[in-house]
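To start, the structure under review is shown below, and the notes come after it.
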Amino acid sequence: ACRPDIDEAPVFYPTIEEFEDTLGYIATIRPLAESYGICRIVPPPSWTPPCPLKEKEVWEHAKFSTRIQQVDLLQNREAMRKKSRSRKRKRRRNSRMGAGRRSEANAATEADERFGFHSGSDFTFEEFQKHAATFKESYFGTKDVKEGSACGETKSKTWEPSVEDIEGEYWRIVETPTTDEVEVYYGADLETGVFGSGFPKASSTGIDLEKYAMSGWNLNNFPRLPGSALCFEASDISGVLVPWLYVGMFFSSFCWHVEDHHLYSLNYLHWGDPKVWYGVSGSHAMDLERTMKAYLPDLFEEQPDLLNELVTQLSPTVLKSEGVPVHRAIQHSGEFVLTFPRAYHSGFNCGFNCAEAVNVAPADWLEHGQNAVELYSEQRRKTSISHDKLLMGSAREAVHALWEKSVLGKETTRNMSWQSVCGKDGLLTRAVKIRVRMEEERLDRLPICMKLKKMERDFDLNNERECFSCFYDLHLSASGCKCSPDRFSCLKHAKHLCSCHINHRYVLQRHTINELNMLVEALEGKVEAIKVWASKDHGGDGTDT
Ligand code: S2G
């Protein structure tokens with residue numbers, strides 16, 4: 001009765017040939033799928049990667065940490081809001097590895113703490129499987145069903161709830177304020193860099209293993225495929241560039257959230273019971289946020305950052321009744337679920353299973369990523385990647401590809417993937433153009449007498465630079481003052497940096513506006529501009545002459 005009455009998200013069945021080019025395939029399904037927020041991708045039947053986590057040594061000995069989720073409190077937790085503030089637990093999300101930027105971890109830990117996500121015990125897969133099975137059986141009660149067989153005998157069969165049964169029961173527990181406590185474990189956000197990935201690694205040998213180790217659908221390769229702006233993120237940010245593993249049991253949940261920087265995400269179910277997903281298109285992201293705030297005003301009042309903390313569930317039925325379109329995907333073992341930029345998603349597991357997920361940034365993401373960092377600046381929220389570094393890295397790579405083609409007549413598949421986003425209407429050209437206009441407008445608003453200086457190439461090489469006020473990334477430009485050599489602002493907050501005389505203050509630019517305009521011309525295909533910009537990568541400095 002509680003099963004949400006919503007439609008299914010689209011499902012795709014690529015042929016072996018279509019499956020070859022991962023980002024190319026995703027680009028072809030985008031017009032059909034993006035408006036649903038999420039979609040399911042079923043690999044060709046012959047694509048069956050072996051999972052190294054199932055090897056006896058790992059299965060029986062490797063321990064992973066878990067968190068405890070109190071499922072009945074994911075949506076309704078008024079009564080327990082002031083309970084257990086001081087229990088210890090692990091961090092939820094980490095941002096740039098080893099970098100100075102504050103991650104969401106601390107804030108999230110606090111929220112997890114209060115909202116019933118305490119750390120649980122450590123398990124091996126073998127132990128977790130046992131726990132998951134026992135829990136599910138005792139939850140539903142093992143019923144013996146007498147089944148008639150062909151030859152007239154009867155045999156006993158354990159009753160298994162269907163996905164629909166489980167989904168109905170899940171929302172009954174989540175939506176009804178007075179149900180019993182339901183506590184489950186979730187081995188979520190496990191770093192594959194530490195624990196190991198569920199996909200064969202490049203070091204694997206054997207013809208078949210090598211095929212899977214090199215595949216674009218192997219999530220260890222996915223974030224940095226040619227055409228993804230994440231190629232230009234140097235550090236291995238866990239969860240974004242290095243996949244995370246999710247070991248689930250019955251009812252373990254992921255609450256409503258969007259990806260950092262509104263990136264795409266791809267999730268693969270290595271084995272086990274289905275994962276049920278709900279998705280909302282990026283174009284309805286703000287409608288979902290409004291509805292959540294309207295339905296859970298007290299929670300938002302106490303914790304305005306609730307949605308960034310991945311601790312709140314809300315029924316698709318409520319969202320639908322408020323005019324927010326929600327779609328369902330039931331992901332089975334061996335299938336992918338893709339989430340599009342700024343698409344809110346949530347869901348839960350139907351039983352013991354193991355999934356792996358990571359982000360990607362194809363060219364159509366760039367404008368969403370730009371919007372994300374402008375929004376983060378308004379909200380004074382820390383970034384986890386330098387959007388401008390990714391944008392400029394993509395632009396340079398694309399100009400290099402255009403140069404190889406126009407000057408050397410060279411065409412490789414790698415080059416072609418970058419060329420395909422250039423040209424007057426190319427997705428990359430458009431994104432760079434928007435960013436350059438933005439930069440120009442911001443510079444125009446600064447006092448005319450403000451000194452402009454060339455930024456050192458390594459300004460943000462070893463440590464990220466961010467605005468002292470809004471944390472906007474300063475890869476492209478920064479405003480500074482003699483009074484405080486290590487303090488910088490973005491162009492929007494230059495006037496708040498200090499109260500020194502204008503003569504003491506300056507703007508650092510990685511590229512002048514003329515250089516940036518020339519970059520746009522290069523991306524549009526103008527050969528002279530291509531040569532100037534390509535020369536930057538060949539020893540020249542490509543500056544105004
Ligand atoms: C995400 C779902 C995580 C999960 O949003 O991080 O990959 O629990 C997804 O499977």
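We label chains A, B, ... in the order they appear in the structure tokens, count residues from 1 in each chain, and number ligands from 1 in the order shown.
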
Problem set entry | Expected selection as a PyMOL selection string for ligand 1 within 9 Å, only C-alpha atoms and all ligand atoms | chain A and resi 186-189+239+244-248+252-259+265-269+275+277+337-339+344-349+354-359

Keeping only N, CA and C atoms, write the selected residues to a file as a short mmCIF file (atom, residue, chain, number, x, y, z; two decimals), in the first residue's frame.
data_model
loop_
_atom_site.label_atom_id
_atom_site.label_comp_id
_atom_site.auth_asym_id
_atom_site.auth_seq_id
_atom_site.Cartn_x
_atom_site.Cartn_y
_atom_site.Cartn_z
N TYR A 186 25.29 -0.30 7.09
CA TYR A 186 25.65 -0.03 5.68
C TYR A 186 27.17 0.16 5.59
N GLY A 187 27.81 -0.64 4.77
CA GLY A 187 29.25 -0.46 4.52
C GLY A 187 29.41 0.53 3.39
N ALA A 188 29.17 1.83 3.69
CA ALA A 188 29.10 2.84 2.63
C ALA A 188 30.37 3.67 2.53
N ASP A 189 30.60 4.23 1.36
CA ASP A 189 31.73 5.15 1.12
C ASP A 189 33.07 4.51 1.46
N GLY A 239 36.17 9.04 -3.85
CA GLY A 239 34.72 9.16 -4.07
C GLY A 239 34.40 9.90 -5.36
N TRP A 244 34.13 4.68 -4.76
CA TRP A 244 33.76 4.22 -3.43
C TRP A 244 32.94 2.94 -3.58
N LEU A 245 33.04 2.12 -2.54
CA LEU A 245 32.33 0.85 -2.52
C LEU A 245 31.18 0.93 -1.51
N TYR A 246 30.08 0.26 -1.82
CA TYR A 246 28.90 0.26 -0.93
C TYR A 246 28.46 -1.18 -0.69
N VAL A 247 28.66 -1.65 0.53
CA VAL A 247 28.21 -3.02 0.85
C VAL A 247 26.89 -2.89 1.60
N GLY A 248 25.84 -3.33 0.95
CA GLY A 248 24.50 -3.07 1.47
C GLY A 248 23.82 -4.29 2.06
N SER A 252 19.26 -0.78 3.86
CA SER A 252 20.32 0.23 3.99
C SER A 252 20.07 1.28 2.90
N SER A 253 20.28 2.56 3.26
CA SER A 253 19.74 3.64 2.43
C SER A 253 20.76 4.69 2.03
N PHE A 254 20.53 5.29 0.88
CA PHE A 254 21.23 6.54 0.55
C PHE A 254 20.16 7.62 0.39
N CYS A 255 20.36 8.72 1.12
CA CYS A 255 19.33 9.74 1.20
C CYS A 255 19.46 10.74 0.06
N TRP A 256 18.44 11.58 -0.10
CA TRP A 256 18.41 12.54 -1.22
C TRP A 256 19.66 13.42 -1.26
N HIS A 257 20.29 13.45 -2.39
CA HIS A 257 21.46 14.32 -2.58
C HIS A 257 21.79 14.47 -4.06
N VAL A 258 22.58 15.50 -4.35
CA VAL A 258 23.19 15.64 -5.69
C VAL A 258 24.69 15.42 -5.52
N GLU A 259 25.37 15.16 -6.61
CA GLU A 259 26.81 14.95 -6.56
C GLU A 259 27.53 16.28 -6.33
N SER A 265 27.25 10.83 -12.03
CA SER A 265 27.81 9.68 -11.33
C SER A 265 27.39 8.41 -12.04
N LEU A 266 28.23 7.39 -11.91
CA LEU A 266 27.90 6.08 -12.47
C LEU A 266 28.10 5.05 -11.36
N ASN A 267 27.08 4.21 -11.19
CA ASN A 267 27.08 3.22 -10.12
C ASN A 267 26.91 1.84 -10.73
N TYR A 268 27.73 0.89 -10.33
CA TYR A 268 27.66 -0.47 -10.85
C TYR A 268 27.37 -1.43 -9.70
N LEU A 269 26.41 -2.31 -9.91
CA LEU A 269 26.09 -3.30 -8.86
C LEU A 269 26.86 -4.59 -9.16
N LYS A 275 19.15 -2.82 -6.00
CA LYS A 275 19.20 -1.50 -5.36
C LYS A 275 18.07 -0.69 -6.01
N TRP A 277 16.30 2.79 -6.80
CA TRP A 277 16.69 4.20 -6.94
C TRP A 277 15.48 5.08 -7.22
N VAL A 337 23.71 2.29 -13.04
CA VAL A 337 22.76 3.42 -12.99
C VAL A 337 23.58 4.69 -13.16
N LEU A 338 23.13 5.52 -14.09
CA LEU A 338 23.80 6.79 -14.38
C LEU A 338 22.96 7.93 -13.80
N THR A 339 23.60 8.86 -13.10
CA THR A 339 22.85 10.05 -12.66
C THR A 339 23.41 11.26 -13.39
N TYR A 344 18.85 15.01 -8.31
CA TYR A 344 18.74 14.43 -6.97
C TYR A 344 18.44 12.95 -7.09
N HIS A 345 19.07 12.15 -6.22
CA HIS A 345 18.77 10.73 -6.19
C HIS A 345 18.83 10.20 -4.77
N SER A 346 18.09 9.12 -4.56
CA SER A 346 18.06 8.45 -3.26
C SER A 346 17.65 7.01 -3.51
N GLY A 347 17.68 6.20 -2.46
CA GLY A 347 17.26 4.83 -2.65
C GLY A 347 17.65 3.93 -1.50
N PHE A 348 17.51 2.63 -1.72
CA PHE A 348 17.83 1.67 -0.65
C PHE A 348 18.11 0.31 -1.28
N ASN A 349 18.71 -0.57 -0.49
CA ASN A 349 19.04 -1.90 -0.98
C ASN A 349 18.01 -2.93 -0.51
N CYS A 354 26.65 -5.46 -3.30
CA CYS A 354 27.86 -4.65 -3.30
C CYS A 354 27.91 -3.81 -4.57
N ALA A 355 28.03 -2.50 -4.40
CA ALA A 355 28.04 -1.58 -5.53
C ALA A 355 29.29 -0.72 -5.47
N GLU A 356 29.61 -0.10 -6.60
CA GLU A 356 30.76 0.80 -6.66
C GLU A 356 30.34 2.02 -7.48
N ALA A 357 30.82 3.21 -7.09
CA ALA A 357 30.37 4.42 -7.78
C ALA A 357 31.48 5.45 -7.87
N VAL A 358 31.41 6.29 -8.92
CA VAL A 358 32.41 7.33 -9.13
C VAL A 358 31.79 8.44 -9.99
N ASN A 359 32.49 9.55 -10.15
CA ASN A 359 31.96 10.68 -10.94
C ASN A 359 32.64 10.80 -12.30
#

Problem set entry | Test item: residues at most 9 Å from A:Ser477, only C-alpha atoms, excluding those fewer than 6 positions along its chain, as a ChimeraX atom specification | /A:439,455,489-491,507-511

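Residues of stretch 288-423 of chain A assigned to strand (DSSP E) by DSSP on this structure's backbone: His327, Arg328, Ala329, Ile330, Gln331, Phe336, Val337, Leu338, Thr339, Tyr344, His345, Ser346, Gly347, Phe348, Asn349, Asn353, Cys354, Ala355, Glu356, Ala357, Val358, Asn359 and Val360 of chain A.
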
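Minimum atom-to-atom distance to A:Asp473, evaluated using only C-alpha atoms, belongs to A:Leu390 out of A:Ile38, A:Leu427, A:Leu390, A:Ala401.
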
Exercise. Could you name the residues that touch A:Cys470 at 6 Å or less, counting only C-alpha atoms, but leaving out those on the same chain fewer than 2 positions away, as a VMD selection string?
Worked result: chain A and resid 377 380 467 472

Suppose we keep all heavy atoms; can you now write the selection as a compact mmCIF listing (two decimals), in the first residue's frame?
# COMPACT_ATOMS: atom_id res chain seq x y z
N SER A 377 29.59 29.64 -4.16
CA SER A 377 30.09 30.95 -3.73
C SER A 377 28.98 31.72 -2.99
O SER A 377 29.21 32.27 -1.92
CB SER A 377 30.60 31.72 -4.94
OG SER A 377 30.57 33.11 -4.70
N ARG A 380 28.59 30.29 0.28
CA ARG A 380 29.87 30.22 0.98
C ARG A 380 30.22 28.78 1.32
O ARG A 380 30.61 28.45 2.44
CB ARG A 380 29.86 31.06 2.26
CG ARG A 380 29.39 32.45 1.97
CD ARG A 380 29.84 33.47 2.94
NE ARG A 380 29.76 34.76 2.25
CZ ARG A 380 30.31 35.87 2.66
NH1 ARG A 380 31.01 35.86 3.75
NH2 ARG A 380 30.20 36.97 1.96
N CYS A 467 38.94 32.11 -2.20
CA CYS A 467 38.56 33.43 -1.70
C CYS A 467 38.40 33.37 -0.17
O CYS A 467 37.74 32.45 0.33
CB CYS A 467 37.26 33.88 -2.36
SG CYS A 467 36.61 35.41 -1.68
N TYR A 472 35.48 30.82 -3.26
CA TYR A 472 35.56 30.64 -4.73
C TYR A 472 36.99 30.29 -5.09
O TYR A 472 37.95 30.82 -4.53
CB TYR A 472 35.14 31.95 -5.42
CG TYR A 472 34.78 31.83 -6.88
CD1 TYR A 472 33.56 31.30 -7.28
CD2 TYR A 472 35.65 32.28 -7.88
CE1 TYR A 472 33.21 31.22 -8.62
CE2 TYR A 472 35.31 32.20 -9.23
CZ TYR A 472 34.08 31.67 -9.59
OH TYR A 472 33.73 31.59 -10.92

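You can rank A:Thr124, A:Ser333, A:Ser469, A:Thr412 by their closest distance to A:Gly351 using only C-alpha atoms, and at the top of that list sits A:Ser333.
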
For this session: Within stretch 277-520 of chain A, find each residue whose DSSP state, derived from the backbone, is helix (DSSP H, G or I), and express the selection as a count of residues only.
Result: 108

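The residue set within 8 Å of stretch 521-537 of chain A, counting only C-alpha atoms and dropping same-chain residues fewer than 5 places from it, reads Ala395, Arg396, Ala398, Val399, His400, Leu402, Trp403, Ser406, Cys422, Gly423, Lys424, Asp425, Gly426, Leu428, Thr429 and Gly542 of chain A.
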
Now that the selection is made, can you save its residues with C-alpha atoms as a CSV table (one decimal), in the first residue's frame?
chain,number,residue,atom,x,y,z
A,395,ALA,CA,40.3,23.9,-23.4
A,396,ARG,CA,44.1,23.4,-23.7
A,398,ALA,CA,41.1,20.6,-27.1
A,399,VAL,CA,43.2,23.3,-28.7
A,400,HIS,CA,46.1,20.8,-28.8
A,402,LEU,CA,42.8,21.0,-33.1
A,403,TRP,CA,46.4,22.0,-33.6
A,406,SER,CA,45.1,21.4,-38.6
A,422,CYS,CA,34.9,22.5,-30.2
A,423,GLY,CA,33.7,24.6,-33.0
A,424,LYS,CA,31.4,27.6,-32.8
A,425,ASP,CA,28.6,25.7,-31.1
A,426,GLY,CA,30.7,23.2,-29.3
A,428,LEU,CA,33.4,23.3,-24.5
A,429,THR,CA,33.5,26.5,-26.6
A,542,GLY,CA,51.3,32.5,-25.8
